[in-house]
file run37.cif (mmCIF, C-alpha atoms)
data_start
#
loop_
_atom_site.label_atom_id
_atom_site.label_comp_id
_atom_site.auth_asym_id
_atom_site.auth_seq_id
_atom_site.Cartn_x
_atom_site.Cartn_y
_atom_site.Cartn_z
CA MET A 1 0.00 0.00 0.00
CA PRO A 2 1.24 3.54 -0.74
CA PRO A 3 2.03 5.77 2.23
CA GLU A 4 -0.59 8.19 3.48
CA LYS A 5 -0.92 11.43 1.56
CA SER A 6 0.20 14.69 3.09
CA ALA A 7 -2.49 16.60 4.95
CA HIS A 8 -1.36 19.77 3.20
CA ARG A 9 -2.97 20.00 -0.23
CA PHE A 10 -0.62 21.28 -2.91
CA GLU A 11 -1.63 22.01 -6.48
CA LEU A 12 0.29 23.04 -9.55
CA SER A 13 -1.31 25.34 -12.09
CA PRO A 14 -3.14 23.46 -14.88
CA ILE A 15 -0.43 24.54 -17.34
CA VAL A 16 3.18 24.60 -16.13
CA ALA A 17 5.89 26.82 -17.64
CA GLY A 18 9.05 24.91 -18.53
CA LEU A 19 12.41 26.69 -18.29
CA TRP A 20 14.59 24.14 -20.09
CA ARG A 21 15.50 26.60 -22.84
CA ILE A 22 15.60 29.88 -20.89
CA ALA A 23 19.32 30.25 -21.64
CA ASP A 24 18.46 30.35 -25.36
CA TRP A 25 15.84 33.08 -24.99
CA ASN A 26 18.44 35.85 -24.60
CA LEU A 27 16.25 37.89 -22.25
CA SER A 28 17.59 40.61 -19.97
CA VAL A 29 16.79 40.41 -16.27
CA ALA A 30 14.03 42.98 -16.76
CA ASP A 31 12.65 40.95 -19.69
CA ARG A 32 12.69 37.81 -17.56
CA VAL A 33 10.77 39.60 -14.82
CA ARG A 34 8.17 40.74 -17.35
CA TRP A 35 7.94 37.24 -18.86
CA ILE A 36 7.21 35.79 -15.40
CA GLU A 37 4.63 38.48 -14.72
CA GLN A 38 2.87 37.76 -18.01
CA ALA A 39 2.87 34.02 -17.31
CA LEU A 40 1.31 34.69 -13.90
CA GLU A 41 -1.31 36.93 -15.51
CA LEU A 42 -2.28 33.99 -17.73
CA GLY A 43 -2.78 31.78 -14.66
CA ILE A 44 0.51 29.91 -15.07
CA THR A 45 1.86 29.89 -11.53
CA SER A 46 4.08 26.80 -11.65
CA PHE A 47 7.59 26.93 -13.12
CA ASP A 48 9.52 23.76 -13.98
CA HIS A 49 13.32 23.69 -13.70
CA ALA A 50 16.15 21.20 -13.38
CA ASP A 51 19.61 21.77 -11.99
CA ILE A 52 21.21 20.69 -15.30
CA TYR A 53 19.07 22.83 -17.62
CA GLY A 54 21.09 25.27 -19.69
CA SER A 55 24.32 23.51 -18.66
CA TYR A 56 23.53 24.32 -15.03
CA ARG A 57 22.68 27.99 -15.82
CA ALA A 58 18.88 28.02 -16.22
CA GLU A 59 17.98 28.17 -12.53
CA SER A 60 20.28 31.14 -11.96
CA LEU A 61 18.81 33.04 -14.91
CA PHE A 62 15.34 32.61 -13.44
CA GLY A 63 16.62 33.29 -9.94
CA ASP A 64 18.13 36.61 -11.01
CA ALA A 65 14.62 37.71 -11.99
CA LEU A 66 13.27 36.65 -8.59
CA LYS A 67 16.08 38.54 -6.89
CA ALA A 68 15.22 41.64 -8.92
CA SER A 69 11.52 41.33 -8.07
CA PRO A 70 11.22 39.35 -4.79
CA ASN A 71 7.44 39.75 -4.56
CA LEU A 72 7.04 37.30 -7.45
CA ARG A 73 8.15 34.32 -5.37
CA GLN A 74 5.04 34.22 -3.18
CA ARG A 75 2.83 34.04 -6.28
CA MET A 76 4.35 30.86 -7.73
CA GLN A 77 5.30 27.24 -7.22
CA LEU A 78 8.93 26.36 -7.95
CA VAL A 79 9.62 22.88 -9.28
CA THR A 80 13.10 21.55 -9.96
CA LYS A 81 14.89 18.26 -10.53
CA CYS A 82 18.17 16.69 -9.54
CA GLY A 83 19.98 13.37 -9.79
CA ILE A 84 21.87 13.67 -13.09
CA ARG A 85 25.60 14.38 -13.05
CA LEU A 86 26.14 16.04 -16.43
CA ARG A 87 29.62 16.57 -17.84
CA THR A 88 30.51 20.22 -18.47
CA THR A 89 33.75 22.19 -18.60
CA GLU A 90 33.34 22.83 -14.88
CA ARG A 91 32.26 19.27 -14.02
CA ASP A 92 34.77 16.92 -15.54
CA TYR A 93 33.09 13.57 -14.87
CA ARG A 94 34.39 10.60 -16.81
CA VAL A 95 30.86 9.90 -17.98
CA ASN A 96 27.37 11.31 -17.53
CA HIS A 97 25.68 9.34 -14.78
CA TYR A 98 22.92 9.33 -12.17
CA ASP A 99 23.37 9.95 -8.46
CA THR A 100 20.69 9.78 -5.78
CA SER A 101 23.06 9.52 -2.82
CA ALA A 102 22.18 11.61 0.22
CA VAL A 103 25.26 13.78 -0.19
CA TYR A 104 24.56 14.59 -3.83
CA VAL A 105 20.80 15.21 -3.51
CA ARG A 106 21.37 17.51 -0.54
CA ALA A 107 24.12 19.40 -2.37
CA GLN A 108 21.96 19.93 -5.45
CA VAL A 109 18.88 20.98 -3.46
CA GLU A 110 20.94 23.53 -1.57
CA GLN A 111 22.48 24.77 -4.83
CA SER A 112 19.01 25.13 -6.36
CA LEU A 113 17.90 27.16 -3.35
CA ARG A 114 20.82 29.52 -3.91
CA ASN A 115 20.31 29.67 -7.67
CA LEU A 116 16.61 30.49 -7.34
CA HIS A 117 17.05 32.92 -4.42
CA THR A 118 14.48 31.14 -2.31
CA ASP A 119 14.47 29.44 1.07
CA ARG A 120 12.16 26.59 0.00
CA LEU A 121 11.49 24.52 -3.11
CA ASP A 122 7.84 23.58 -3.56
CA LEU A 123 8.53 20.34 -5.44
CA VAL A 124 11.75 18.48 -6.21
CA LEU A 125 11.83 15.55 -8.65
CA ILE A 126 14.43 12.84 -9.09
CA HIS A 127 15.17 13.49 -12.75
CA ARG A 128 15.87 9.96 -14.02
CA PRO A 129 15.80 6.47 -12.48
CA ASP A 130 19.10 5.75 -10.76
CA TYR A 131 19.91 2.05 -11.06
CA LEU A 132 22.00 2.36 -7.89
CA MET A 133 19.22 4.06 -5.92
CA ASP A 134 18.76 2.88 -2.34
CA ALA A 135 15.06 3.67 -1.90
CA ALA A 136 15.13 3.67 1.89
CA GLU A 137 18.19 5.91 2.00
CA LEU A 138 16.72 8.32 -0.55
CA ALA A 139 13.45 8.46 1.41
CA ASP A 140 15.44 9.39 4.52
CA THR A 141 17.05 12.20 2.53
CA PHE A 142 13.60 13.40 1.49
CA LYS A 143 12.39 13.34 5.08
CA THR A 144 15.40 15.22 6.38
CA LEU A 145 15.27 17.98 3.77
CA THR A 146 11.52 18.32 4.29
CA ARG A 147 11.96 18.54 8.05
CA GLU A 148 14.56 21.27 7.52
CA GLY A 149 12.00 23.24 5.50
CA LYS A 150 14.05 23.16 2.30
CA VAL A 151 11.66 21.05 0.19
CA ALA A 152 7.88 20.89 0.57
CA HIS A 153 7.07 17.96 -1.74
CA TRP A 154 8.88 15.25 -3.69
CA GLY A 155 8.31 13.40 -6.93
CA VAL A 156 10.10 11.72 -9.80
CA SER A 157 10.49 12.08 -13.53
CA ASN A 158 10.75 9.39 -16.21
CA HIS A 159 10.27 6.51 -13.73
CA ASN A 160 8.45 3.35 -14.72
CA THR A 161 5.67 1.93 -12.56
CA HIS A 162 7.92 -0.40 -10.55
CA GLN A 163 10.47 2.31 -9.85
CA PHE A 164 7.72 4.74 -8.82
CA ALA A 165 6.04 2.19 -6.55
CA LEU A 166 9.32 1.29 -4.84
CA LEU A 167 10.12 4.86 -3.84
CA HIS A 168 6.48 5.78 -3.15
CA GLN A 169 6.35 2.89 -0.67
CA HIS A 170 9.09 4.58 1.36
CA HIS A 171 8.02 8.20 0.99
CA PRO A 172 4.88 9.79 -0.54
CA LEU A 173 5.56 11.11 -4.02
CA MET A 174 3.44 13.82 -5.58
CA THR A 175 3.91 13.16 -9.29
CA ASN A 176 5.75 11.37 -12.07
CA GLN A 177 6.82 13.72 -14.88
CA ILE A 178 6.65 11.74 -18.11
CA GLU A 179 6.59 12.27 -21.86
CA LEU A 180 3.28 12.35 -23.72
CA SER A 181 2.25 13.98 -26.99
CA PRO A 182 0.25 13.26 -30.15
CA LEU A 183 3.50 11.79 -31.51
CA GLN A 184 4.65 9.93 -28.37
CA MET A 185 1.94 7.86 -26.71
CA SER A 186 3.79 5.07 -24.91
CA ALA A 187 2.59 6.39 -21.54
CA LEU A 188 -0.95 5.36 -22.51
CA ASP A 189 0.12 1.70 -22.53
CA ASP A 190 3.07 1.37 -20.15
CA GLY A 191 0.98 1.84 -17.00
CA THR A 192 2.48 5.14 -15.81
CA LEU A 193 -0.70 7.16 -16.33
CA ASP A 194 -2.83 4.36 -14.87
CA GLN A 195 -0.63 4.29 -11.78
CA GLN A 196 -1.03 8.02 -11.23
CA GLN A 197 -4.81 7.55 -11.22
CA GLN A 198 -4.47 4.53 -8.94
CA PHE A 199 -2.66 6.64 -6.34
CA GLY A 200 -4.84 9.72 -6.83
CA LEU A 201 -1.93 11.73 -8.24
CA ARG A 202 -1.60 14.00 -11.26
CA PRO A 203 1.25 13.42 -13.71
CA MET A 204 3.34 16.20 -15.20
CA ILE A 205 3.85 15.98 -18.96
CA TRP A 206 7.01 17.01 -20.75
CA SER A 207 7.39 17.64 -24.49
CA PRO A 208 3.63 17.95 -25.27
CA LEU A 209 4.58 19.19 -28.75
CA ALA A 210 7.09 16.35 -29.26
CA GLY A 211 9.98 18.78 -29.10
CA GLY A 212 8.56 20.67 -32.10
CA ARG A 213 8.37 17.51 -34.24
CA LEU A 214 4.62 17.95 -34.38
CA PHE A 215 5.19 20.91 -36.70
CA ASN A 216 8.35 20.07 -38.60
CA GLU A 217 8.89 16.31 -38.68
CA ALA A 218 8.84 14.98 -42.24
CA ASP A 219 7.72 11.38 -42.00
CA GLU A 220 4.59 9.38 -42.61
CA GLN A 221 3.43 9.25 -39.00
CA ALA A 222 3.90 12.98 -38.38
CA ASP A 223 2.15 13.80 -41.66
CA ARG A 224 -0.87 11.68 -40.66
CA VAL A 225 -1.07 13.28 -37.22
CA ARG A 226 -0.69 16.83 -38.56
CA SER A 227 -3.35 16.26 -41.19
CA GLU A 228 -5.87 14.86 -38.71
CA MET A 229 -5.09 17.48 -36.07
CA SER A 230 -5.32 20.33 -38.58
CA ALA A 231 -8.87 19.27 -39.48
CA ILE A 232 -9.90 19.00 -35.82
CA ALA A 233 -8.20 22.29 -34.91
CA ALA A 234 -10.06 24.04 -37.72
CA ARG A 235 -13.41 22.74 -36.43
CA HIS A 236 -12.60 23.99 -32.94
CA ASN A 237 -11.08 27.22 -34.29
CA VAL A 238 -7.84 26.74 -32.35
CA SER A 239 -4.16 26.40 -33.19
CA LEU A 240 -2.36 23.09 -33.54
CA THR A 241 -0.49 23.91 -30.32
CA THR A 242 -3.74 24.47 -28.43
CA LEU A 243 -5.16 21.20 -29.76
CA ALA A 244 -2.06 19.25 -28.69
CA PHE A 245 -2.41 20.56 -25.14
CA ALA A 246 -6.16 19.89 -25.18
CA TRP A 247 -5.53 16.29 -26.30
CA ILE A 248 -3.26 15.76 -23.27
CA LEU A 249 -5.64 17.52 -20.86
CA ARG A 250 -8.48 15.23 -22.00
CA HIS A 251 -6.87 12.27 -20.23
CA PRO A 252 -8.61 11.37 -16.92
CA SER A 253 -5.35 11.40 -14.95
CA ARG A 254 -5.69 15.21 -15.15
CA PRO A 255 -2.15 15.85 -16.37
CA HIS A 256 -0.18 19.07 -15.98
CA PRO A 257 1.41 19.69 -19.41
CA ILE A 258 4.63 21.71 -19.42
CA THR A 259 5.34 24.39 -22.01
CA GLY A 260 8.79 24.90 -23.47
CA THR A 261 8.45 28.33 -25.01
CA GLY A 262 9.68 31.80 -24.20
CA ARG A 263 6.98 33.33 -26.41
CA ILE A 264 4.01 34.72 -24.53
CA ASP A 265 1.79 33.82 -27.51
CA GLY A 266 2.97 30.25 -27.05
CA LEU A 267 1.87 30.36 -23.41
CA ARG A 268 -1.48 31.79 -24.48
CA ASP A 269 -1.96 28.93 -26.94
CA ALA A 270 -1.30 26.43 -24.14
CA VAL A 271 -3.70 28.11 -21.71
CA ALA A 272 -6.38 28.30 -24.42
CA ALA A 273 -6.52 24.50 -24.32
CA LEU A 274 -8.27 24.71 -20.95
CA ASP A 275 -11.38 25.94 -22.79
CA VAL A 276 -11.36 23.23 -25.48
CA GLU A 277 -13.65 20.25 -24.97
CA LEU A 278 -12.59 17.30 -27.10
CA ASP A 279 -15.05 14.46 -27.42
CA ALA A 280 -13.84 10.88 -27.41
CA GLN A 281 -13.99 10.62 -31.20
CA ASP A 282 -11.69 13.62 -31.68
CA TRP A 283 -9.28 12.22 -29.10
CA TYR A 284 -9.25 8.76 -30.69
CA ALA A 285 -8.94 10.19 -34.20
CA ILE A 286 -5.56 11.60 -33.14
CA TRP A 287 -4.63 8.27 -31.54
CA VAL A 288 -5.52 6.45 -34.78
CA ALA A 289 -3.45 8.90 -36.82
CA ASN A 290 -0.47 8.26 -34.56
CA GLU A 291 -0.81 4.48 -34.65
CA GLY A 292 -1.64 4.20 -38.33
CA HIS A 293 -4.56 1.83 -37.65
CA GLY A 294 -7.90 1.78 -35.91
CA VAL A 295 -8.53 0.55 -32.40
CA PRO A 296 -8.19 -3.24 -31.98
#
call {"tool": "encode", "arguments": {"input": "run37.cif", "output": "structure tokens"}}
result
Amino acid sequence: MPPEKSAHRFELSPIVAGLWRIADWNLSVADRVRWIEQALELGITSFDHADIYGSYRAESLFGDALKASPNLRQRMQLVTKCGIRLRTTERDYRVNHYDTSAVYVRAQVEQSLRNLHTDRLDLVLIHRPDYLMDAAELADTFKTLTREGKVAHWGVSNHNTHQFALLHQHHPLMTNQIELSPLQMSALDDGTLDQQQQFGLRPMIWSPLAGGRLFNEADEQADRVRSEMSAIAARHNVSLTTLAFAWILRHPSRPHPITGTGRIDGLRDAVAALDVELDAQDWYAIWVANEGHGVP
């Protein structure tokens, strides 16, 4: 049986802003402040980071904006990830690898706190499954950092059902951040979305636009999906981006899709999906286009 849920209810905004590419947006500190303000005005209050994003620079770029305008912090939920040791010029590892040891997780959490100019992270995710993870030891790390007030909630990203259940047994997890899009549907069949419903949790969804492949991939599958989605989007009078987010939001696990854009119009397109009601036939028409055949 999973551990009891926390008595303190915590919710992410329906659409989450992803900061993976913030280093590529070339925004000044003032521009970053304004971007955050505009996201908040759209109802996007949750911001998704990872320590390694932007070669370990993304958190600091966002944090500089929070330092410049400290009142923004109380209006948002900060999400970040740790557990990947990524080779850079400053971090000369022999090989990229995973690390969920107590020493490393603590060090990265404390670095994220400094980078983001905050005294608490609302949600921290273990970024990838660590094959050397000691679940009991990692759960103790979670408990200690929570007790110290540094992290409010914990979750994982890219974990399969067995990996999620193992860690969830030792410490309550809030979410599993997984990939799902009209071009990548394995989560519909691998049990990860079912498990989130089983535990009464809401998954986070990365790459809802398939990393842009939905618009520019030149292959038979992508062509089928684009053609079908274009017809449905026209009937609903929405953009292809909005329809992709609406397709994800239609799932009963009540996912939180994550944007990846620095364009405010891109954020607006994502938020517009909250007002789109897809019927089952529209949803399955996109599934059929992806699979290349009808339902069994």
call {"tool": "closest_residue", "arguments": {"input": "run37.cif", "among": "A:Thr261, A:His251, A:Phe62, A:Thr175", "to": "A:Ala280", "atoms": "only C-alpha atoms"}}
result
A:His251
call {"tool": "closest_residue", "arguments": {"input": "run37.cif", "among": "A:Tyr93, A:Phe245, A:Phe47, A:Trp35", "to": "A:Ala65", "atoms": "all atoms listed in the file"}}
result
A:Trp35
call {"tool": "closest_residue", "arguments": {"input": "run37.cif", "among": "A:Leu193, A:Val276, A:Val271, A:Ile286", "to": "A:Asn176", "atoms": "only C-alpha atoms"}}
result
A:Leu193
call {"tool": "atom_distance", "arguments": {"input": "run37.cif", "atom1": "atom CA of A:Gln184", "atom2": "atom CA of A:Ser207"}}
result
9.1 Å
call {"tool": "atom_distance", "arguments": {"input": "run37.cif", "atom1": "atom CA of A:Val225", "atom2": "atom CA of A:Thr241"}}
result
12.7 Å
call {"tool": "residues_around", "arguments": {"input": "run37.cif", "residues": "A:Ala272", "least_positions_apart": "5", "cutoff": "12 Å", "atoms": "only C-alpha atoms", "output": "JSON, numbers by chain"}}
result
{"A": [14, 15, 42, 43, 44, 236, 237, 238, 239, 240, 241, 242, 243, 244, 245, 246, 249, 265, 266, 267, 277]}
call {"tool": "write_last_selection", "arguments": {"input": "run37.cif", "atoms": "C-alpha atoms", "output": "PDB file, in the coordinates of the input"}}
result
ATOM      1  CA  PRO A  14      -3.140  23.460 -14.880  1.00  0.00           C
ATOM      2  CA  ILE A  15      -0.430  24.540 -17.340  1.00  0.00           C
ATOM      3  CA  LEU A  42      -2.280  33.990 -17.730  1.00  0.00           C
ATOM      4  CA  GLY A  43      -2.780  31.780 -14.660  1.00  0.00           C
ATOM      5  CA  ILE A  44       0.510  29.910 -15.070  1.00  0.00           C
ATOM      6  CA  HIS A 236     -12.600  23.990 -32.940  1.00  0.00           C
ATOM      7  CA  ASN A 237     -11.080  27.220 -34.290  1.00  0.00           C
ATOM      8  CA  VAL A 238      -7.840  26.740 -32.350  1.00  0.00           C
ATOM      9  CA  SER A 239      -4.160  26.400 -33.190  1.00  0.00           C
ATOM     10  CA  LEU A 240      -2.360  23.090 -33.540  1.00  0.00           C
ATOM     11  CA  THR A 241      -0.490  23.910 -30.320  1.00  0.00           C
ATOM     12  CA  THR A 242      -3.740  24.470 -28.430  1.00  0.00           C
ATOM     13  CA  LEU A 243      -5.160  21.200 -29.760  1.00  0.00           C
ATOM     14  CA  ALA A 244      -2.060  19.250 -28.690  1.00  0.00           C
ATOM     15  CA  PHE A 245      -2.410  20.560 -25.140  1.00  0.00           C
ATOM     16  CA  ALA A 246      -6.160  19.890 -25.180  1.00  0.00           C
ATOM     17  CA  LEU A 249      -5.640  17.520 -20.860  1.00  0.00           C
ATOM     18  CA  ASP A 265       1.790  33.820 -27.510  1.00  0.00           C
ATOM     19  CA  GLY A 266       2.970  30.250 -27.050  1.00  0.00           C
ATOM     20  CA  LEU A 267       1.870  30.360 -23.410  1.00  0.00           C
ATOM     21  CA  GLU A 277     -13.650  20.250 -24.970  1.00  0.00           C
TER      22      GLU A 277
END
